[in-house]
file query-v1.csv (CSV, C-alpha atoms)
chain,number,residue,atom,x,y,z
A,1,MET,CA,73.2,-39.3,83.6
A,2,THR,CA,74.7,-40.6,86.8
A,3,THR,CA,72.9,-42.2,89.7
A,4,THR,CA,72.4,-40.2,92.9
A,5,SER,CA,72.8,-43.3,95.1
A,6,LYS,CA,74.6,-46.6,94.7
A,7,ILE,CA,72.2,-48.9,93.0
A,8,ARG,CA,73.1,-52.6,93.1
A,9,LEU,CA,72.6,-54.4,89.8
A,10,GLY,CA,71.9,-58.0,89.2
A,11,VAL,CA,73.0,-59.0,85.7
A,12,VAL,CA,71.7,-61.9,83.6
A,13,GLY,CA,73.8,-62.8,80.5
A,14,ALA,CA,77.5,-62.8,79.7
A,15,GLY,CA,77.6,-62.6,75.9
A,16,ARG,CA,79.4,-60.2,73.5
A,17,ILE,CA,77.2,-57.2,74.3
A,18,ALA,CA,77.6,-57.6,78.1
A,19,PRO,CA,81.0,-55.8,78.6
A,20,HIS,CA,79.6,-52.7,76.8
A,21,HIS,CA,76.6,-52.5,79.2
A,22,LEU,CA,78.8,-53.3,82.3
A,23,ARG,CA,81.3,-50.5,81.5
A,24,ALA,CA,78.4,-48.0,81.0
A,25,ALA,CA,76.9,-49.1,84.3
A,26,VAL,CA,80.2,-48.6,86.2
A,27,ASN,CA,80.8,-45.3,84.5
A,28,ASN,CA,77.3,-44.1,85.7
A,29,GLY,CA,77.8,-45.1,89.3
A,30,PHE,CA,76.0,-48.4,89.5
A,31,ILE,CA,77.4,-51.3,91.7
A,32,LEU,CA,77.8,-54.6,89.9
A,33,ASP,CA,76.5,-56.9,92.6
A,34,SER,CA,75.8,-60.4,91.1
A,35,ILE,CA,75.9,-62.0,87.6
A,36,CYS,CA,74.7,-65.3,86.1
A,37,ALA,CA,74.3,-66.8,82.6
A,38,ARG,CA,74.0,-70.4,81.7
A,39,ASP,CA,74.6,-72.9,84.5
A,40,ASN,CA,78.3,-72.8,85.5
A,41,SER,CA,79.1,-70.3,82.8
A,42,GLN,CA,82.7,-69.7,82.2
A,43,SER,CA,81.9,-66.3,80.5
A,44,ALA,CA,80.1,-65.2,83.7
A,45,GLN,CA,83.1,-66.2,85.7
A,46,LEU,CA,85.4,-64.1,83.5
A,47,LEU,CA,83.2,-61.1,83.6
A,48,GLY,CA,82.7,-61.4,87.3
A,49,SER,CA,86.5,-61.3,87.8
A,50,GLU,CA,87.0,-58.5,85.3
A,51,PHE,CA,84.3,-56.2,86.6
A,52,GLY,CA,84.5,-57.0,90.3
A,53,PHE,CA,81.1,-58.6,90.9
A,54,ARG,CA,80.4,-59.5,94.5
A,55,GLU,CA,78.9,-62.8,93.4
A,56,VAL,CA,79.1,-65.0,90.3
A,57,CYS,CA,76.1,-67.3,90.5
A,58,LYS,CA,76.3,-70.8,89.1
A,59,THR,CA,72.5,-71.1,88.5
A,60,PHE,CA,69.6,-68.8,87.8
A,61,ASP,CA,67.9,-70.0,91.0
A,62,GLU,CA,70.9,-69.0,93.0
A,63,PHE,CA,70.9,-65.6,91.3
A,64,LEU,CA,67.2,-65.0,92.2
A,65,ASN,CA,68.2,-65.3,95.9
A,66,GLN,CA,70.6,-62.3,95.7
A,67,GLN,CA,69.5,-59.0,97.2
A,68,VAL,CA,69.8,-56.3,94.5
A,69,ASP,CA,68.0,-53.1,93.6
A,70,ALA,CA,67.5,-53.6,89.9
A,71,TYR,CA,68.2,-56.1,87.1
A,72,LEU,CA,70.0,-55.9,83.7
A,73,VAL,CA,69.0,-58.7,81.3
A,74,LEU,CA,71.5,-59.3,78.4
A,75,THR,CA,70.6,-62.8,77.3
A,76,GLU,CA,69.6,-64.2,73.9
A,77,THR,CA,66.3,-62.9,72.6
A,78,SER,CA,64.7,-66.3,72.7
A,79,VAL,CA,64.8,-66.5,76.5
A,80,GLN,CA,64.4,-62.9,77.6
A,81,VAL,CA,60.6,-63.1,78.1
A,82,SER,CA,60.9,-66.1,80.3
A,83,ILE,CA,63.7,-64.5,82.4
A,84,ALA,CA,61.9,-61.2,82.7
A,85,SER,CA,58.7,-62.8,83.8
A,86,GLN,CA,60.5,-64.5,86.7
A,87,LEU,CA,62.3,-61.3,87.6
A,88,LEU,CA,59.0,-59.3,87.7
A,89,GLU,CA,58.1,-61.4,90.7
A,90,ARG,CA,61.0,-59.7,92.6
A,91,ASP,CA,59.3,-56.2,92.1
A,92,LYS,CA,62.5,-54.5,90.9
A,93,PRO,CA,63.2,-52.3,87.9
A,94,ILE,CA,64.4,-54.3,84.8
A,95,LEU,CA,66.4,-53.1,81.9
A,96,ILE,CA,66.4,-55.5,78.9
A,97,GLU,CA,68.7,-55.5,75.9
A,98,LYS,CA,66.6,-55.0,72.8
A,99,PRO,CA,64.6,-56.7,71.4
A,100,VAL,CA,62.7,-58.4,74.1
A,101,SER,CA,61.3,-60.9,71.7
A,102,VAL,CA,60.5,-61.4,68.0
A,103,SER,CA,57.0,-62.7,68.9
A,104,PRO,CA,54.2,-60.1,69.3
A,105,ASP,CA,52.3,-62.6,71.5
A,106,GLU,CA,55.2,-63.0,73.9
A,107,ILE,CA,55.6,-59.3,74.1
A,108,LYS,CA,51.9,-58.8,74.8
A,109,SER,CA,52.0,-61.4,77.5
A,110,LEU,CA,54.9,-59.8,79.2
A,111,CYS,CA,53.3,-56.4,79.0
A,112,GLU,CA,50.2,-57.8,80.7
A,113,LYS,CA,52.4,-59.1,83.6
A,114,ASP,CA,54.2,-55.8,84.0
A,115,LYS,CA,51.4,-54.0,85.8
A,116,GLN,CA,53.7,-51.4,87.4
A,117,ASN,CA,55.8,-50.6,84.3
A,118,LYS,CA,59.0,-52.1,85.8
A,119,ILE,CA,60.5,-53.0,82.4
A,120,VAL,CA,62.5,-50.7,80.3
A,121,VAL,CA,63.9,-51.8,76.9
A,122,GLY,CA,67.4,-50.6,75.9
A,123,TYR,CA,66.6,-48.5,72.8
A,124,ASN,CA,69.2,-46.0,74.0
A,125,ARG,CA,70.1,-44.4,70.6
A,126,ARG,CA,67.1,-42.1,71.0
A,127,SER,CA,69.0,-40.4,73.8
A,128,LEU,CA,72.1,-39.6,71.8
A,129,SER,CA,72.7,-35.8,71.3
A,130,SER,CA,73.1,-36.4,67.5
A,131,THR,CA,69.7,-38.1,67.4
A,132,ARG,CA,68.0,-35.3,69.3
A,133,LYS,CA,69.7,-32.7,67.1
A,134,LEU,CA,68.5,-34.5,63.9
A,135,LYS,CA,65.0,-34.7,65.4
A,136,SER,CA,64.9,-31.0,65.9
A,137,VAL,CA,66.1,-30.3,62.4
A,138,LEU,CA,63.5,-32.6,60.9
A,139,ASN,CA,60.8,-30.8,62.9
A,140,ASP,CA,61.7,-27.6,61.2
A,141,LEU,CA,61.5,-29.0,57.6
A,142,GLU,CA,58.3,-29.1,55.6
A,143,THR,CA,59.4,-31.9,53.3
A,144,PHE,CA,62.3,-34.2,53.2
A,145,TYR,CA,63.5,-37.5,51.8
A,146,PHE,CA,65.0,-40.1,54.0
A,147,GLU,CA,66.3,-43.6,53.1
A,148,ILE,CA,66.7,-46.4,55.6
A,149,LYS,CA,69.0,-49.3,55.0
A,150,VAL,CA,69.2,-52.6,56.9
A,151,PRO,CA,73.0,-53.3,57.0
A,152,GLU,CA,72.7,-56.9,58.4
A,153,LEU,CA,71.4,-58.1,55.1
A,154,ALA,CA,74.4,-56.9,53.1
A,155,SER,CA,76.6,-59.8,53.8
A,156,TYR,CA,74.1,-62.5,52.8
A,157,ALA,CA,74.1,-63.3,49.1
A,158,ASN,CA,70.7,-65.1,49.1
A,159,PRO,CA,69.1,-65.4,52.6
A,160,SER,CA,66.0,-67.4,53.1
A,161,ALA,CA,62.7,-65.7,54.1
A,162,GLU,CA,63.1,-66.9,57.7
A,163,GLU,CA,66.7,-65.6,57.9
A,164,ILE,CA,65.5,-62.2,56.7
A,165,ARG,CA,62.8,-62.2,59.3
A,166,TYR,CA,65.1,-63.0,62.1
A,167,MET,CA,67.8,-60.6,61.0
A,168,ILE,CA,65.4,-57.7,60.7
A,169,LEU,CA,63.5,-58.3,63.9
A,170,GLU,CA,66.4,-59.1,66.1
A,171,ASN,CA,69.4,-57.3,64.7
A,172,SER,CA,67.9,-54.2,63.1
A,173,VAL,CA,65.2,-53.2,65.6
A,174,GLN,CA,67.4,-50.2,66.6
A,175,VAL,CA,67.2,-48.9,63.0
A,176,PHE,CA,63.5,-49.1,63.0
A,177,ASP,CA,63.1,-47.6,66.4
A,178,LEU,CA,65.0,-44.6,65.3
A,179,ALA,CA,62.9,-44.3,62.2
A,180,PHE,CA,59.7,-44.4,64.3
A,181,PHE,CA,61.2,-41.8,66.7
A,182,PHE,CA,62.0,-39.5,63.8
A,183,PHE,CA,58.9,-39.9,61.7
A,184,GLY,CA,56.3,-41.8,63.7
A,185,LYS,CA,54.8,-45.2,62.8
A,186,PRO,CA,54.6,-45.5,58.9
A,187,VAL,CA,51.2,-45.7,57.3
A,188,SER,CA,52.6,-47.9,54.6
A,189,TRP,CA,55.8,-49.7,53.7
A,190,SER,CA,57.9,-49.6,50.5
A,191,ILE,CA,60.3,-52.5,50.4
A,192,GLN,CA,63.0,-53.1,47.8
A,193,SER,CA,65.4,-56.0,47.5
A,194,LEU,CA,69.0,-55.4,46.3
A,195,ASN,CA,69.1,-58.8,44.5
A,196,SER,CA,66.8,-60.5,42.1
A,197,ASP,CA,65.2,-62.7,44.8
A,198,SER,CA,61.8,-61.4,45.9
A,199,LYS,CA,61.7,-63.0,49.3
A,200,ILE,CA,62.3,-59.7,51.2
A,201,ALA,CA,59.3,-58.0,49.6
A,202,ASN,CA,57.2,-61.1,49.9
A,203,TRP,CA,58.0,-61.5,53.6
A,204,PHE,CA,57.1,-57.9,54.3
A,205,ASP,CA,53.8,-58.2,52.4
A,206,ALA,CA,52.9,-61.2,54.5
A,207,CYS,CA,53.8,-60.0,58.0
A,208,HIS,CA,54.4,-56.2,58.2
A,209,SER,CA,51.0,-55.6,59.9
A,210,GLY,CA,51.8,-58.1,62.7
A,211,CYS,CA,55.6,-57.6,63.3
A,212,PRO,CA,56.7,-56.1,66.7

call {"tool": "encode", "arguments": {"input": "query-v1.csv", "output": "structure tokens"}}
result
Amino acid sequence: MTTTSKIRLGVVGAGRIAPHHLRAAVNNGFILDSICARDNSQSAQLLGSEFGFREVCKTFDEFLNQQVDAYLVLTETSVQVSIASQLLERDKPILIEKPVSVSPDEIKSLCEKDKQNKIVVGYNRRSLSSTRKLKSVLNDLETFYFEIKVPELASYANPSAEEIRYMILENSVQVFDLAFFFFGKPVSWSIQSLNSDSKIANWFDACHSGCP
């Protein structure tokens, strides 16, 4: 979908995912107005030059003073709630790279501040034509079997329970979002570990009812 008018974007974050979002924004008619990351970020400077931003801000406070139409937040998960909370005060639409947080309490707090539903989270794979097609096929089936794998765990021989938690909540949320889109929220979970360590199952038994 392309924009009907030139919307000026303010971008926060200059990590590995940023160029993909910036190319998509340009291809869909947005204007890349201003960008910031960490104070005096060299990565922000490089992206500013590569994508032709009007302004590369040295600090977040400087960024907040820029006149834009919407915000794109591409920072580390751990700081996104804090950033989004401050951007909400500007009363502009905000698109955040998923996940917003791995803390249900932080997410609840942000939702309570977002009175006008200004925040959208980038679970964009629901919009793919292949996803929509599979959804329509599944709707026509009476019974089916579907297996979901979490690929991020494959390269870890023996991760700790906390490593498992973070990998699943931060890196694999897109997988779970698609599962919920296809099948709805599950009534129960069946978790299997591919190694002899039982930490994966134990962690899910302890937290699945409270995970975002």

call {"tool": "closest_residue", "arguments": {"input": "query-v1.csv", "among": "A:Arg8, A:Lys108, A:Arg126, A:Lys118", "to": "Ile94 (chain A)", "atoms": "only C-alpha atoms"}}
result
A:Lys118

call {"tool": "closest_residue", "arguments": {"input": "query-v1.csv", "among": "A:Val175, A:Leu169, A:Ala14, A:Ile83", "to": "Ser103 (chain A)", "atoms": "all atoms listed in the file"}}
result
A:Leu169

call {"tool": "residues_around", "arguments": {"input": "query-v1.csv", "residues": "Phe51 (chain A)", "least_positions_apart": "6", "cutoff": "12 Å", "atoms": "only C-alpha atoms", "output": "compact mmCIF listing (two decimals) with C-alpha atoms, keeping the file's coordinate frame"}}
result
# COMPACT_ATOMS: atom_id res chain seq x y z
CA VAL A 11 73.00 -59.00 85.70
CA ALA A 14 77.50 -62.80 79.70
CA ALA A 18 77.60 -57.60 78.10
CA PRO A 19 81.00 -55.80 78.60
CA HIS A 20 79.60 -52.70 76.80
CA HIS A 21 76.60 -52.50 79.20
CA LEU A 22 78.80 -53.30 82.30
CA ARG A 23 81.30 -50.50 81.50
CA ALA A 24 78.40 -48.00 81.00
CA ALA A 25 76.90 -49.10 84.30
CA VAL A 26 80.20 -48.60 86.20
CA ASN A 27 80.80 -45.30 84.50
CA PHE A 30 76.00 -48.40 89.50
CA ILE A 31 77.40 -51.30 91.70
CA LEU A 32 77.80 -54.60 89.90
CA ASP A 33 76.50 -56.90 92.60
CA SER A 34 75.80 -60.40 91.10
CA ILE A 35 75.90 -62.00 87.60
CA ALA A 44 80.10 -65.20 83.70
CA GLN A 45 83.10 -66.20 85.70

call {"tool": "atom_distance", "arguments": {"input": "query-v1.csv", "atom1": "CA of Gln66 (chain A)", "atom2": "CA of Ser82 (chain A)"}}
result
18.6 Å

call {"tool": "atom_distance", "arguments": {"input": "query-v1.csv", "atom1": "CA of Phe146 (chain A)", "atom2": "CA of Thr131 (chain A)"}}
result
14.3 Å

call {"tool": "closest_residue", "arguments": {"input": "query-v1.csv", "among": "A:Glu147, A:Lys92, A:Pro186, A:Asp177", "to": "Ser127 (chain A)", "atoms": "all atoms listed in the file"}}
result
A:Asp177

call {"tool": "closest_residue", "arguments": {"input": "query-v1.csv", "among": "A:Ala70, A:Asp61, A:Gly122, A:Val102", "to": "Met167 (chain A)", "atoms": "all atoms listed in the file"}}
result
A:Val102

call {"tool": "closest_residue", "arguments": {"input": "query-v1.csv", "among": "A:Glu112, A:Lys6, A:Glu76, A:Phe182", "to": "Val137 (chain A)", "atoms": "all atoms listed in the file"}}
result
A:Phe182

call {"tool": "atom_distance", "arguments": {"input": "query-v1.csv", "atom1": "CA of Pro99 (chain A)", "atom2": "CA of Thr77 (chain A)"}}
result
6.5 Å

call {"tool": "closest_residue", "arguments": {"input": "query-v1.csv", "among": "A:Tyr166, A:Tyr145, A:Phe60, A:Tyr123", "to": "Phe180 (chain A)", "atoms": "only C-alpha atoms"}}
result
A:Tyr123

call {"tool": "residues_near_point", "arguments": {"input": "query-v1.csv", "point": "(73.8, -67.2, 92.8)", "cutoff": "12 Å", "atoms": "all atoms listed in the file", "output": "PDB file with C-alpha atoms, in the coordinates of the input"}}
result
ATOM      1  CA  GLY A  10      71.900 -58.000  89.200  1.00  0.00           C
ATOM      2  CA  VAL A  11      73.000 -59.000  85.700  1.00  0.00           C
ATOM      3  CA  VAL A  12      71.700 -61.900  83.600  1.00  0.00           C
ATOM      4  CA  ASP A  33      76.500 -56.900  92.600  1.00  0.00           C
ATOM      5  CA  SER A  34      75.800 -60.400  91.100  1.00  0.00           C
ATOM      6  CA  ILE A  35      75.900 -62.000  87.600  1.00  0.00           C
ATOM      7  CA  CYS A  36      74.700 -65.300  86.100  1.00  0.00           C
ATOM      8  CA  ALA A  37      74.300 -66.800  82.600  1.00  0.00           C
ATOM      9  CA  ARG A  38      74.000 -70.400  81.700  1.00  0.00           C
ATOM     10  CA  ASP A  39      74.600 -72.900  84.500  1.00  0.00           C
ATOM     11  CA  ASN A  40      78.300 -72.800  85.500  1.00  0.00           C
ATOM     12  CA  SER A  41      79.100 -70.300  82.800  1.00  0.00           C
ATOM     13  CA  ALA A  44      80.100 -65.200  83.700  1.00  0.00           C
ATOM     14  CA  GLN A  45      83.100 -66.200  85.700  1.00  0.00           C
ATOM     15  CA  GLY A  48      82.700 -61.400  87.300  1.00  0.00           C
ATOM     16  CA  PHE A  53      81.100 -58.600  90.900  1.00  0.00           C
ATOM     17  CA  ARG A  54      80.400 -59.500  94.500  1.00  0.00           C
ATOM     18  CA  GLU A  55      78.900 -62.800  93.400  1.00  0.00           C
ATOM     19  CA  VAL A  56      79.100 -65.000  90.300  1.00  0.00           C
ATOM     20  CA  CYS A  57      76.100 -67.300  90.500  1.00  0.00           C
ATOM     21  CA  LYS A  58      76.300 -70.800  89.100  1.00  0.00           C
ATOM     22  CA  THR A  59      72.500 -71.100  88.500  1.00  0.00           C
ATOM     23  CA  PHE A  60      69.600 -68.800  87.800  1.00  0.00           C
ATOM     24  CA  ASP A  61      67.900 -70.000  91.000  1.00  0.00           C
ATOM     25  CA  GLU A  62      70.900 -69.000  93.000  1.00  0.00           C
ATOM     26  CA  PHE A  63      70.900 -65.600  91.300  1.00  0.00           C
ATOM     27  CA  LEU A  64      67.200 -65.000  92.200  1.00  0.00           C
ATOM     28  CA  ASN A  65      68.200 -65.300  95.900  1.00  0.00           C
ATOM     29  CA  GLN A  66      70.600 -62.300  95.700  1.00  0.00           C
ATOM     30  CA  GLN A  67      69.500 -59.000  97.200  1.00  0.00           C
ATOM     31  CA  VAL A  68      69.800 -56.300  94.500  1.00  0.00           C
TER      32      VAL A  68
END
